[in-house]
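Report on one structure; see the data block that follows.
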Amino acid sequence: MPARLAPLAPLLSLALLACSGGPPAASSAGTSGDGTSGADTGSSGDAGTGTATGTGSGGEDDEPYMWPDEALVELVDPFIGSGGLGYRVGTINPGATRPFGMVKPGPDTGLAQIQLSFLNCTGYHYDQTHVWGFSHARINGMGVPDYGSVLITPTTGMSEAKAARAGARSAFDHGEEEASPGYYAVRLADAGVRAELSATDHVALHRYTWEDPAADATVVLDLGYNPADGASPAGAVTIDPDGQTIRGTMTVMGGYSNRLGGVPTHFVARFSRPFAGFGVWGDDQVLAEGTASQEGAAIGAWASFDLDPGDPRVEVALAISYVSIDQAAANLAAEAPTTDFDGVRAAAATAWEGELRRVRALGGTDDERTRFYTALYHAFLAPTLFSEADGWYRGFDGEVHQADYRYHSDFSLWDTYRTLHPLFNLIQRDRQGEMMRSLVTMAAEGGDLPKWPLAFGYTGGMVGTPADIVLADAYLKGIAGFDAAEAYAAARLHATTPRPNAGRAGVEGYRARGWVASDEASSAASRTLEFAHADFALGEMAAALGEAEDAADFAVRAQSYKNLWEPELGFLIGRRADGSFESAGFDPLTWQGYYAEGTAWHYLWMVPHDVDGLAALMGGRAALRARLADYFEVSKAFLEGPEYTPLEPVPYYWHANEPSLHAAHLFTAAGDPASAQRWIAWAAAATTGAAPTASRGTTTPGP
């Protein structure tokens, strides 16, 4: 449930330093001689330059506008969206990462020794009291707990109590915590340690400074940890005291990764000081001091150090890999051959500055500019770079392949097709092409396009086939770097036939009768509406590719939403296989089984591809505008009134929930852009802010 970037746009005067081109000519089938779509005439490579075109008069003497000499990274607050209660939980981790980076070291917190599944999806929650340690992978904004690999915690001394879950935790104070793009730091009060984090794409850098140089400095690695109620089912660890390294494997088994049997995560950690002592523990949590290897589930390792009174620090460079331990070592050698924490931190900040400069903004208050650039920062946290330092990656067939481009995974497509990928079509065109190529590669290696791919597998998350919309829109916007014909063939496959990897549930009935029957599939009305939208996108793509027969077929199916219109109720509702509507006991304010995460009010507007057709069902454009205006007025009154509570879903416009996101923009399509501007600005003011608890819902991977 995302708090989105798009509604902030009306607050500021924006200059987008990238542009979109049209689709390639249909006769080319969208490919060049090497099988990829044509040249990217709107490359994002020129984004972020220091000037924009001049005064707007069009004269030859116009001077370019000189942007203020400002560091955009200083406008980002990584704590925004890291707190919240109930349906206002943001699930952002303020830890360190590079744009789209594979490794994302960050703090994992708890209420003492307790984590909660909806609060600790990415390990951290702003309102909790203790830092458990620092894990190395996550999908920021995700609404279920997952990833959280290799929890590492600096402490003082070692005991069996510290081998227990959260046993090495430490209290902390937000006054002693800081974060900026590519950097995180916190004082661990109980341990008396200042912990600092930074990252390359595949390597996490830790710097721990003990306040007492005589302390029994210890670093603990918990390989059994997964966030909230998750746990690693299998792992192994080996300590090399001579090489000052600890290496091994643990298994991520979270709310989505468990659907593909878990995600083995390999690592190599290199320490800056010799080990004064070391050991491991097994599933029984009995310490084995001096033992250098261990296998099991709830296992871990530790190393202790003699500190230098003049420099009481231990630095750790920890690389992860989804290919092998040897590949993790290769990532470490490639990106951190020496441990240069300050250099890595500076390079991460530089990388973020370059990405943030893809959009320059004028005007707005300090608060609004912080919200804007933090939202842009969030947008570049996911999807995740999934190819290793030398291009190897584990594919959807379980095998290891090598890519000559940046292969990505962790696509929360049901969320991101609505706003994030359209944004990338404008300002991340090169990377968007690589992401589209990644989706096509997943289909080639796994057999089907995914709808919510995580790591190297299908999760089947949510409904619809949003990859169809993302791929079609990218192609029609002239995005280069992927084979459009192959993409279309993969999308057409699951749009027309049942598929084994969570394609279109109920597709046979949908194609036969024109809707997914509510007595044959869950979330049937939502599926019908999502399928109709996807079919519209595929029809447009088919036409551009010269597939005229398919284009005509999909254009007809794009009208399937009309089959859910119940004229007496005036809503799009569930319909059974025999044609009868689910009208008995209908309540437009409650979640029904035939909707996915929403009410009848949310899904009434879920026809973004045919606003005039929806208007016709309501009696014309004027009737639609009036009803939409009514909807927003009631929504505003509800959110500002006594009935609203963050502990319950919002029945009206809900900016933190995907089906609502486009609703205000329908005013423009219906001929009233002024109302669109009014309600988009209202949504931005009412549902976002510049505090950790400001988000009105999970920000979703890549908001």
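Ordering of the structure tokens sets the chain letters (A, B, ...); residue numbers start at 1 within each chain; ligands are numbered from 1 in the order shown.
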
Which of stretch 61-211 of chain A counts as strand (DSSP E or B) under DSSP, as JSON, numbers by chain please? {"A": [65, 66, 106, 107, 108, 109, 110, 111, 114, 130, 131, 132, 133, 134, 135, 151, 152, 153, 154, 155, 156, 170, 171, 177, 178, 179, 180, 183, 184, 185, 186, 187, 188, 193, 194, 195, 196, 197, 198, 199, 203, 204, 205, 206, 207, 208, 209, 210]}

For N, CA and C atoms, I'd like the residues from the last selection saved as a short mmCIF file (atom, residue, chain, number, x, y, z; two decimals), in the first residue's frame.
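In the end it all went to selection_8.cif:
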data_model
loop_
_atom_site.label_atom_id
_atom_site.label_comp_id
_atom_site.auth_asym_id
_atom_site.auth_seq_id
_atom_site.Cartn_x
_atom_site.Cartn_y
_atom_site.Cartn_z
N TYR A 65 18.87 28.34 -17.57
CA TYR A 65 18.66 28.57 -16.15
C TYR A 65 19.76 27.84 -15.37
N MET A 66 20.41 28.54 -14.47
CA MET A 66 21.45 27.95 -13.64
C MET A 66 20.83 27.49 -12.33
N GLY A 106 21.20 -2.31 7.15
CA GLY A 106 20.39 -1.39 7.93
C GLY A 106 20.03 -1.99 9.27
N PRO A 107 19.51 -1.17 10.16
CA PRO A 107 19.19 -1.62 11.51
C PRO A 107 17.92 -2.47 11.56
N ASP A 108 17.97 -3.48 12.39
CA ASP A 108 16.79 -4.29 12.70
C ASP A 108 16.46 -4.04 14.17
N THR A 109 15.23 -3.63 14.44
CA THR A 109 14.85 -3.21 15.79
C THR A 109 13.75 -4.09 16.35
N GLY A 110 13.47 -3.92 17.64
CA GLY A 110 12.38 -4.62 18.28
C GLY A 110 11.96 -3.90 19.54
N LEU A 111 10.79 -4.26 20.05
CA LEU A 111 10.37 -3.84 21.37
C LEU A 111 11.02 -4.81 22.35
N ILE A 114 11.06 -8.45 21.15
CA ILE A 114 9.87 -8.77 20.36
C ILE A 114 9.88 -7.98 19.05
N HIS A 130 14.88 -1.09 20.81
CA HIS A 130 16.18 -1.72 20.79
C HIS A 130 16.63 -2.04 19.37
N VAL A 131 17.91 -1.90 19.13
CA VAL A 131 18.52 -2.37 17.89
C VAL A 131 19.01 -3.79 18.14
N TRP A 132 18.52 -4.72 17.34
CA TRP A 132 18.96 -6.12 17.45
C TRP A 132 20.29 -6.34 16.74
N GLY A 133 20.52 -5.56 15.70
CA GLY A 133 21.71 -5.71 14.88
C GLY A 133 21.45 -5.12 13.52
N PHE A 134 22.27 -5.53 12.55
CA PHE A 134 22.20 -4.95 11.21
C PHE A 134 22.19 -6.08 10.18
N SER A 135 21.07 -6.21 9.46
CA SER A 135 20.99 -7.22 8.41
C SER A 135 21.29 -6.58 7.06
N LEU A 151 22.34 -11.19 10.18
CA LEU A 151 22.26 -10.16 11.21
C LEU A 151 23.60 -10.10 11.94
N ILE A 152 24.23 -8.94 11.95
CA ILE A 152 25.53 -8.75 12.57
C ILE A 152 25.41 -7.65 13.63
N THR A 153 25.96 -7.92 14.83
CA THR A 153 25.78 -7.02 15.96
C THR A 153 27.09 -6.83 16.71
N PRO A 154 27.55 -5.59 16.89
CA PRO A 154 28.70 -5.35 17.76
C PRO A 154 28.25 -5.31 19.22
N THR A 155 29.04 -5.86 20.10
CA THR A 155 28.67 -5.91 21.50
C THR A 155 29.93 -5.96 22.34
N THR A 156 29.77 -6.19 23.62
CA THR A 156 30.90 -6.34 24.53
C THR A 156 30.78 -7.70 25.22
N SER A 170 20.61 -3.90 21.85
CA SER A 170 21.02 -2.75 22.65
C SER A 170 19.98 -1.64 22.53
N ALA A 171 19.72 -0.95 23.61
CA ALA A 171 18.85 0.21 23.56
C ALA A 171 19.51 1.32 22.75
N GLU A 177 21.10 8.94 16.53
CA GLU A 177 20.91 8.18 15.29
C GLU A 177 20.89 9.16 14.13
N GLU A 178 21.51 8.81 13.02
CA GLU A 178 21.49 9.68 11.85
C GLU A 178 21.50 8.84 10.58
N ALA A 179 20.98 9.43 9.52
CA ALA A 179 20.96 8.74 8.23
C ALA A 179 20.94 9.75 7.11
N SER A 180 21.60 9.42 6.03
CA SER A 180 21.58 10.18 4.78
C SER A 180 21.76 9.16 3.67
N TYR A 183 24.36 6.23 3.95
CA TYR A 183 25.02 6.25 5.25
C TYR A 183 23.98 6.13 6.36
N TYR A 184 24.35 5.36 7.41
CA TYR A 184 23.52 5.25 8.60
C TYR A 184 24.44 5.12 9.80
N ALA A 185 24.07 5.71 10.93
CA ALA A 185 24.85 5.60 12.15
C ALA A 185 23.93 5.65 13.36
N VAL A 186 24.33 4.92 14.42
CA VAL A 186 23.57 4.93 15.66
C VAL A 186 24.50 4.56 16.80
N ARG A 187 24.24 5.11 17.98
CA ARG A 187 24.96 4.70 19.18
C ARG A 187 24.18 3.60 19.86
N LEU A 188 24.82 2.47 20.09
CA LEU A 188 24.22 1.36 20.82
C LEU A 188 24.55 1.55 22.29
N VAL A 193 28.82 1.35 21.85
CA VAL A 193 29.42 1.27 20.52
C VAL A 193 28.71 2.24 19.58
N ARG A 194 29.47 2.96 18.81
CA ARG A 194 28.90 3.73 17.69
C ARG A 194 29.04 2.87 16.45
N ALA A 195 27.91 2.57 15.82
CA ALA A 195 27.88 1.74 14.61
C ALA A 195 27.58 2.61 13.41
N GLU A 196 28.37 2.45 12.35
CA GLU A 196 28.19 3.19 11.10
C GLU A 196 28.12 2.21 9.94
N LEU A 197 27.27 2.52 8.96
CA LEU A 197 27.08 1.65 7.81
C LEU A 197 27.19 2.44 6.52
N SER A 198 27.74 1.81 5.49
CA SER A 198 27.66 2.33 4.13
C SER A 198 27.69 1.13 3.19
N ALA A 199 27.69 1.36 1.88
CA ALA A 199 27.56 0.23 0.97
C ALA A 199 28.04 0.56 -0.43
N VAL A 203 28.46 -4.92 -1.47
CA VAL A 203 29.25 -5.03 -0.25
C VAL A 203 28.78 -4.00 0.77
N ALA A 204 28.54 -4.48 2.00
CA ALA A 204 28.20 -3.60 3.11
C ALA A 204 29.47 -3.28 3.89
N LEU A 205 29.63 -2.01 4.24
CA LEU A 205 30.74 -1.57 5.08
C LEU A 205 30.20 -1.21 6.46
N HIS A 206 30.79 -1.82 7.48
CA HIS A 206 30.45 -1.53 8.87
C HIS A 206 31.67 -0.93 9.55
N ARG A 207 31.45 0.09 10.37
CA ARG A 207 32.51 0.62 11.21
C ARG A 207 31.97 0.75 12.63
N TYR A 208 32.60 0.00 13.54
CA TYR A 208 32.17 -0.02 14.92
C TYR A 208 33.26 0.61 15.80
N THR A 209 32.88 1.58 16.61
CA THR A 209 33.82 2.26 17.50
C THR A 209 33.35 2.08 18.94
N TRP A 210 34.18 1.39 19.74
CA TRP A 210 33.86 1.15 21.14
C TRP A 210 34.27 2.36 21.98
#

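The shell of residues at most 12 Å from A:Gly509, with only C-alpha atoms counted and near chain neighbours (fewer than 5 positions) removed, consists of Thr496, Thr497, Pro498, Arg504, Gly514, Trp515, Val516, Ala517, Ser518, Asp519, Glu520, Ala521, Ala524, Arg527, Thr528, Ser560, Arg575, Arg576, Ala577, Asp578 and Gly579 of chain A.
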
Export, as a short mmCIF file (atom, residue, chain, number, x, y, z; two decimals), in the first residue's frame, the selected residues with all heavy atoms.
data_model
loop_
_atom_site.label_atom_id
_atom_site.label_comp_id
_atom_site.auth_asym_id
_atom_site.auth_seq_id
_atom_site.Cartn_x
_atom_site.Cartn_y
_atom_site.Cartn_z
N THR A 496 -4.04 -15.52 -22.48
CA THR A 496 -4.97 -16.32 -23.28
C THR A 496 -5.13 -17.75 -22.78
O THR A 496 -6.11 -18.41 -23.15
CB THR A 496 -4.51 -16.37 -24.74
OG1 THR A 496 -3.16 -16.85 -24.81
CG2 THR A 496 -4.57 -14.98 -25.38
N THR A 497 -4.21 -18.23 -21.96
CA THR A 497 -4.28 -19.63 -21.51
C THR A 497 -3.88 -19.72 -20.04
O THR A 497 -3.09 -18.91 -19.55
CB THR A 497 -3.34 -20.53 -22.32
OG1 THR A 497 -1.99 -20.04 -22.20
CG2 THR A 497 -3.73 -20.56 -23.79
N PRO A 498 -4.37 -20.74 -19.33
CA PRO A 498 -3.92 -20.95 -17.94
C PRO A 498 -2.44 -21.29 -17.93
O PRO A 498 -1.94 -22.00 -18.80
CB PRO A 498 -4.77 -22.14 -17.47
CG PRO A 498 -5.92 -22.21 -18.41
CD PRO A 498 -5.41 -21.71 -19.72
N ARG A 504 -3.09 -15.76 -14.98
CA ARG A 504 -4.40 -15.15 -14.77
C ARG A 504 -5.36 -16.21 -14.23
O ARG A 504 -5.88 -17.05 -14.97
CB ARG A 504 -4.95 -14.59 -16.08
CG ARG A 504 -4.19 -13.40 -16.62
CD ARG A 504 -4.96 -12.75 -17.75
NE ARG A 504 -4.28 -11.58 -18.27
CZ ARG A 504 -4.82 -10.74 -19.15
NH1 ARG A 504 -6.05 -10.95 -19.61
NH2 ARG A 504 -4.14 -9.69 -19.59
N GLY A 514 -16.53 -13.12 -20.33
CA GLY A 514 -16.25 -11.69 -20.23
C GLY A 514 -16.04 -11.21 -18.82
O GLY A 514 -15.90 -10.00 -18.60
N TRP A 515 -15.99 -12.08 -17.84
CA TRP A 515 -15.66 -11.71 -16.47
C TRP A 515 -15.17 -12.95 -15.73
O TRP A 515 -15.44 -14.08 -16.12
CB TRP A 515 -16.85 -11.08 -15.75
CG TRP A 515 -18.00 -12.02 -15.45
CD1 TRP A 515 -18.18 -12.80 -14.34
CD2 TRP A 515 -19.15 -12.27 -16.28
NE1 TRP A 515 -19.35 -13.52 -14.42
CE2 TRP A 515 -19.97 -13.20 -15.61
CE3 TRP A 515 -19.57 -11.78 -17.53
CZ2 TRP A 515 -21.18 -13.66 -16.13
CZ3 TRP A 515 -20.76 -12.25 -18.05
CH2 TRP A 515 -21.55 -13.18 -17.37
N VAL A 516 -14.42 -12.71 -14.67
CA VAL A 516 -14.02 -13.79 -13.77
C VAL A 516 -15.14 -13.98 -12.77
O VAL A 516 -15.55 -13.03 -12.09
CB VAL A 516 -12.70 -13.45 -13.04
CG1 VAL A 516 -12.31 -14.57 -12.07
CG2 VAL A 516 -11.58 -13.20 -14.03
N ALA A 517 -15.65 -15.18 -12.67
CA ALA A 517 -16.82 -15.45 -11.83
C ALA A 517 -16.44 -15.46 -10.36
O ALA A 517 -15.44 -16.06 -9.96
CB ALA A 517 -17.45 -16.77 -12.21
N SER A 518 -17.27 -14.80 -9.54
CA SER A 518 -17.00 -14.69 -8.12
C SER A 518 -17.16 -16.01 -7.38
O SER A 518 -16.66 -16.16 -6.26
CB SER A 518 -17.91 -13.64 -7.48
OG SER A 518 -19.27 -13.96 -7.71
N ASP A 519 -17.86 -16.97 -7.99
CA ASP A 519 -17.99 -18.29 -7.37
C ASP A 519 -16.96 -19.28 -7.94
O ASP A 519 -17.05 -20.48 -7.67
CB ASP A 519 -19.41 -18.84 -7.53
CG ASP A 519 -19.93 -18.78 -8.96
OD1 ASP A 519 -19.24 -18.21 -9.83
OD2 ASP A 519 -21.04 -19.29 -9.20
N GLU A 520 -15.99 -18.76 -8.69
CA GLU A 520 -14.93 -19.61 -9.22
C GLU A 520 -13.53 -19.15 -8.83
O GLU A 520 -12.58 -19.93 -8.90
CB GLU A 520 -15.02 -19.68 -10.76
CG GLU A 520 -16.25 -20.38 -11.27
CD GLU A 520 -16.29 -20.46 -12.79
OE1 GLU A 520 -15.40 -19.89 -13.47
OE2 GLU A 520 -17.22 -21.11 -13.32
N ALA A 521 -13.39 -17.90 -8.42
CA ALA A 521 -12.07 -17.38 -8.05
C ALA A 521 -12.23 -16.28 -7.02
O ALA A 521 -13.22 -15.55 -7.03
CB ALA A 521 -11.33 -16.85 -9.28
N ALA A 524 -12.54 -11.84 -7.62
CA ALA A 524 -12.94 -11.98 -9.03
C ALA A 524 -13.19 -10.64 -9.70
O ALA A 524 -12.83 -10.45 -10.88
CB ALA A 524 -14.19 -12.85 -9.12
N ARG A 527 -9.86 -9.01 -10.34
CA ARG A 527 -9.17 -9.69 -11.45
C ARG A 527 -9.74 -9.25 -12.79
O ARG A 527 -9.00 -8.97 -13.74
CB ARG A 527 -9.29 -11.21 -11.29
CG ARG A 527 -8.57 -11.77 -10.09
CD ARG A 527 -8.67 -13.29 -10.02
NE ARG A 527 -8.27 -13.79 -8.73
CZ ARG A 527 -7.00 -14.04 -8.36
NH1 ARG A 527 -6.03 -13.81 -9.22
NH2 ARG A 527 -6.72 -14.49 -7.15
N THR A 528 -11.06 -9.19 -12.88
CA THR A 528 -11.68 -8.78 -14.14
C THR A 528 -11.21 -7.38 -14.54
O THR A 528 -10.85 -7.13 -15.71
CB THR A 528 -13.20 -8.80 -14.02
OG1 THR A 528 -13.64 -10.12 -13.69
CG2 THR A 528 -13.87 -8.34 -15.32
N SER A 560 -14.27 -5.53 -20.93
CA SER A 560 -14.89 -6.52 -20.04
C SER A 560 -15.35 -5.92 -18.73
O SER A 560 -16.24 -6.48 -18.05
CB SER A 560 -13.91 -7.67 -19.78
OG SER A 560 -13.59 -8.35 -20.98
N ARG A 575 -19.67 -10.88 -9.88
CA ARG A 575 -20.71 -11.52 -10.68
C ARG A 575 -20.42 -13.01 -10.77
O ARG A 575 -19.28 -13.41 -11.00
CB ARG A 575 -20.76 -10.89 -12.07
CG ARG A 575 -21.99 -11.24 -12.89
CD ARG A 575 -22.04 -10.43 -14.16
NE ARG A 575 -23.24 -10.69 -14.91
CZ ARG A 575 -23.54 -10.16 -16.10
NH1 ARG A 575 -22.67 -9.29 -16.66
NH2 ARG A 575 -24.66 -10.45 -16.72
N ARG A 576 -21.45 -13.82 -10.58
CA ARG A 576 -21.28 -15.27 -10.59
C ARG A 576 -21.22 -15.81 -12.01
O ARG A 576 -21.53 -15.10 -12.98
CB ARG A 576 -22.41 -15.93 -9.82
CG ARG A 576 -22.55 -15.45 -8.37
CD ARG A 576 -23.72 -16.13 -7.68
NE ARG A 576 -23.93 -15.57 -6.34
CZ ARG A 576 -24.72 -14.54 -6.08
NH1 ARG A 576 -25.39 -13.95 -7.08
NH2 ARG A 576 -24.86 -14.10 -4.85
N ALA A 577 -20.88 -17.07 -12.13
CA ALA A 577 -20.77 -17.71 -13.45
C ALA A 577 -22.12 -17.75 -14.17
O ALA A 577 -22.17 -17.71 -15.41
CB ALA A 577 -20.21 -19.12 -13.30
N ASP A 578 -23.22 -17.81 -13.42
CA ASP A 578 -24.54 -17.85 -14.06
C ASP A 578 -25.04 -16.47 -14.47
O ASP A 578 -26.16 -16.33 -14.96
CB ASP A 578 -25.56 -18.54 -13.15
CG ASP A 578 -25.82 -17.77 -11.84
OD1 ASP A 578 -25.31 -16.63 -11.69
OD2 ASP A 578 -26.53 -18.31 -10.97
N GLY A 579 -24.22 -15.45 -14.25
CA GLY A 579 -24.58 -14.10 -14.65
C GLY A 579 -25.19 -13.25 -13.57
O GLY A 579 -25.35 -12.03 -13.75
#

Using only C-alpha atoms, which protein or nucleic acid residues come within 8 Å of stretch 280-287 of chain A? Drop anything in the same chain fewer than 6 positions from it, and give the result as a count of residues only. 14

Between A:Val344, A:Arg360, A:Thr339, A:Ala168, which residue has the minimum interatomic distance to A:Phe372, considering only C-alpha atoms?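 So, comparing all the options, the nearest one is A:Arg360.
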
Just the residues within 8 Å of A:Leu538, please, counting only C-alpha atoms, with nothing from its chain fewer than 4 positions along; format it as a PyMOL selection string. chain A and resi 468-469+472+488+491-492+534+542+551+554

Please write the residues from the selection above to a file, keeping all heavy atoms, as a compact mmCIF listing (two decimals), in the first residue's frame.
# COMPACT_ATOMS: atom_id res chain seq x y z
N ASP A 468 2.26 -7.14 -18.12
CA ASP A 468 1.76 -6.80 -19.45
C ASP A 468 1.71 -5.28 -19.64
O ASP A 468 2.12 -4.75 -20.68
CB ASP A 468 0.33 -7.35 -19.64
CG ASP A 468 0.21 -8.82 -19.34
OD1 ASP A 468 1.24 -9.49 -19.15
OD2 ASP A 468 -0.94 -9.31 -19.29
N ILE A 469 1.21 -4.59 -18.62
CA ILE A 469 1.04 -3.15 -18.70
C ILE A 469 2.40 -2.45 -18.70
O ILE A 469 2.64 -1.52 -19.49
CB ILE A 469 0.18 -2.65 -17.53
CG1 ILE A 469 -1.20 -3.34 -17.57
CG2 ILE A 469 0.02 -1.13 -17.56
CD1 ILE A 469 -2.04 -3.12 -16.32
N ALA A 472 4.20 -3.16 -22.10
CA ALA A 472 3.56 -2.45 -23.21
C ALA A 472 3.82 -0.95 -23.12
O ALA A 472 4.15 -0.31 -24.13
CB ALA A 472 2.06 -2.73 -23.20
N TYR A 488 5.99 -9.42 -25.86
CA TYR A 488 4.59 -9.54 -26.22
C TYR A 488 4.14 -11.00 -26.25
O TYR A 488 3.06 -11.35 -25.75
CB TYR A 488 4.32 -8.88 -27.58
CG TYR A 488 2.92 -9.10 -28.06
CD1 TYR A 488 1.86 -8.40 -27.47
CD2 TYR A 488 2.63 -10.02 -29.06
CE1 TYR A 488 0.55 -8.62 -27.88
CE2 TYR A 488 1.33 -10.24 -29.48
CZ TYR A 488 0.29 -9.54 -28.89
OH TYR A 488 -0.99 -9.77 -29.28
N ALA A 491 3.59 -12.19 -22.72
CA ALA A 491 2.38 -11.61 -22.14
C ALA A 491 1.13 -12.22 -22.76
O ALA A 491 0.15 -12.52 -22.06
CB ALA A 491 2.39 -10.10 -22.32
N ARG A 492 1.15 -12.40 -24.06
CA ARG A 492 0.00 -12.99 -24.75
C ARG A 492 -0.29 -14.40 -24.23
O ARG A 492 -1.44 -14.82 -24.12
CB ARG A 492 0.26 -13.03 -26.26
CG ARG A 492 -0.91 -13.51 -27.09
CD ARG A 492 -0.54 -13.65 -28.56
NE ARG A 492 -1.69 -13.95 -29.39
CZ ARG A 492 -2.24 -15.16 -29.51
NH1 ARG A 492 -1.71 -16.18 -28.84
NH2 ARG A 492 -3.29 -15.33 -30.28
N ALA A 534 -5.05 -4.71 -18.48
CA ALA A 534 -3.91 -5.34 -19.13
C ALA A 534 -4.21 -5.65 -20.60
O ALA A 534 -3.34 -5.51 -21.47
CB ALA A 534 -3.51 -6.61 -18.39
N ALA A 542 0.05 -4.75 -29.38
CA ALA A 542 -0.15 -5.58 -30.57
C ALA A 542 -0.30 -4.72 -31.82
O ALA A 542 0.27 -5.02 -32.88
CB ALA A 542 -1.38 -6.47 -30.38
N ALA A 551 -4.74 -7.29 -31.82
CA ALA A 551 -5.11 -5.96 -31.36
C ALA A 551 -6.62 -5.82 -31.26
O ALA A 551 -7.16 -5.28 -30.28
CB ALA A 551 -4.53 -4.90 -32.28
N PHE A 554 -7.92 -8.01 -28.22
CA PHE A 554 -7.66 -7.43 -26.91
C PHE A 554 -8.46 -6.14 -26.70
O PHE A 554 -8.85 -5.82 -25.58
CB PHE A 554 -6.16 -7.16 -26.73
CG PHE A 554 -5.36 -8.41 -26.43
CD1 PHE A 554 -4.30 -8.78 -27.23
CD2 PHE A 554 -5.69 -9.20 -25.34
CE1 PHE A 554 -3.57 -9.92 -26.95
CE2 PHE A 554 -4.95 -10.35 -25.05
CZ PHE A 554 -3.89 -10.71 -25.86

Nearby residues (only C-alpha atoms) at most 7 Å from A:Leu85, same-chain spacing under 3 positions excluded, as a list in words: Arg88, Val89 and Pro646 of chain A

With N, CA, C and O atoms retained, export the selected residues as a tab-separated table (two decimals), in the first residue's frame.
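Final file, part16.tsv:
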chain	number	residue	atom	x	y	z
A	88	ARG	N	-1.02	2.76	8.84
A	88	ARG	CA	-0.12	3.87	8.52
A	88	ARG	C	1.34	3.46	8.67
A	88	ARG	O	2.23	4.30	8.65
A	89	VAL	N	1.61	2.18	8.81
A	89	VAL	CA	3.00	1.72	8.88
A	89	VAL	C	3.66	1.93	7.52
A	89	VAL	O	3.09	1.58	6.48
A	646	PRO	N	-6.29	4.88	12.17
A	646	PRO	CA	-5.28	4.14	11.39
A	646	PRO	C	-5.35	2.64	11.61
A	646	PRO	O	-4.66	1.88	10.93

Selection: 7 Å around A:Arg98, only C-alpha atoms, excl. self and same-chain fewer than 5 positions, as a PDB file with N, CA and C atoms, in the first residue's frame:
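Output contents, as saved in part-v1.pdb:
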ATOM      1  N   GLY A 182      23.056   6.585   1.524  1.00  0.00           N
ATOM      2  CA  GLY A 182      24.310   5.843   1.527  1.00  0.00           C
ATOM      3  C   GLY A 182      25.002   5.767   2.865  1.00  0.00           C
ATOM      4  N   ALA A 199      27.694   1.363   1.878  1.00  0.00           N
ATOM      5  CA  ALA A 199      27.564   0.227   0.971  1.00  0.00           C
ATOM      6  C   ALA A 199      28.039   0.560  -0.432  1.00  0.00           C
ATOM      7  N   THR A 200      28.549  -0.459  -1.119  1.00  0.00           N
ATOM      8  CA  THR A 200      28.661  -0.467  -2.572  1.00  0.00           C
ATOM      9  C   THR A 200      27.419  -1.195  -3.091  1.00  0.00           C
ATOM     10  N   ASP A 201      27.419  -1.636  -4.326  1.00  0.00           N
ATOM     11  CA  ASP A 201      26.256  -2.358  -4.837  1.00  0.00           C
ATOM     12  C   ASP A 201      26.089  -3.728  -4.183  1.00  0.00           C
ATOM     13  N   ALA A 348      28.982   6.506  -2.366  1.00  0.00           N
ATOM     14  CA  ALA A 348      27.539   6.268  -2.305  1.00  0.00           C
ATOM     15  C   ALA A 348      26.775   7.585  -2.368  1.00  0.00           C
ATOM     16  N   ALA A 351      26.831   8.824  -5.899  1.00  0.00           N
ATOM     17  CA  ALA A 351      25.888   8.073  -6.738  1.00  0.00           C
ATOM     18  C   ALA A 351      24.464   8.558  -6.516  1.00  0.00           C
ATOM     19  N   TRP A 352      24.101   8.785  -5.265  1.00  0.00           N
ATOM     20  CA  TRP A 352      22.753   9.272  -4.982  1.00  0.00           C
ATOM     21  C   TRP A 352      22.533  10.686  -5.511  1.00  0.00           C
TER      22      TRP A 352
END

In Å to one decimal, how far is atom CA of A:Asp146 from atom CA of A:Thr265?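 Distance between the two atoms: 12.7 Å.
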
List the spatial neighbours of stretch 662-664 of chain A as a ChimeraX atom specification - criterion: any atom at most 7 Å away, only C-alpha atoms, same-chain residues fewer than 5 positions off excluded. /A:605,676,679-680

Pick from A:Ala330, A:Met102, A:Ile573, A:Ala532: nearest to A:Val556, with only C-alpha atoms counted?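 Under the stated criterion, the closest residue is A:Ala532.
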
Just to confirm, what's the straight-line distance from atom CA of A:Leu75 to atom CA of A:Arg369 in Å (one decimal)? 6.8 Å
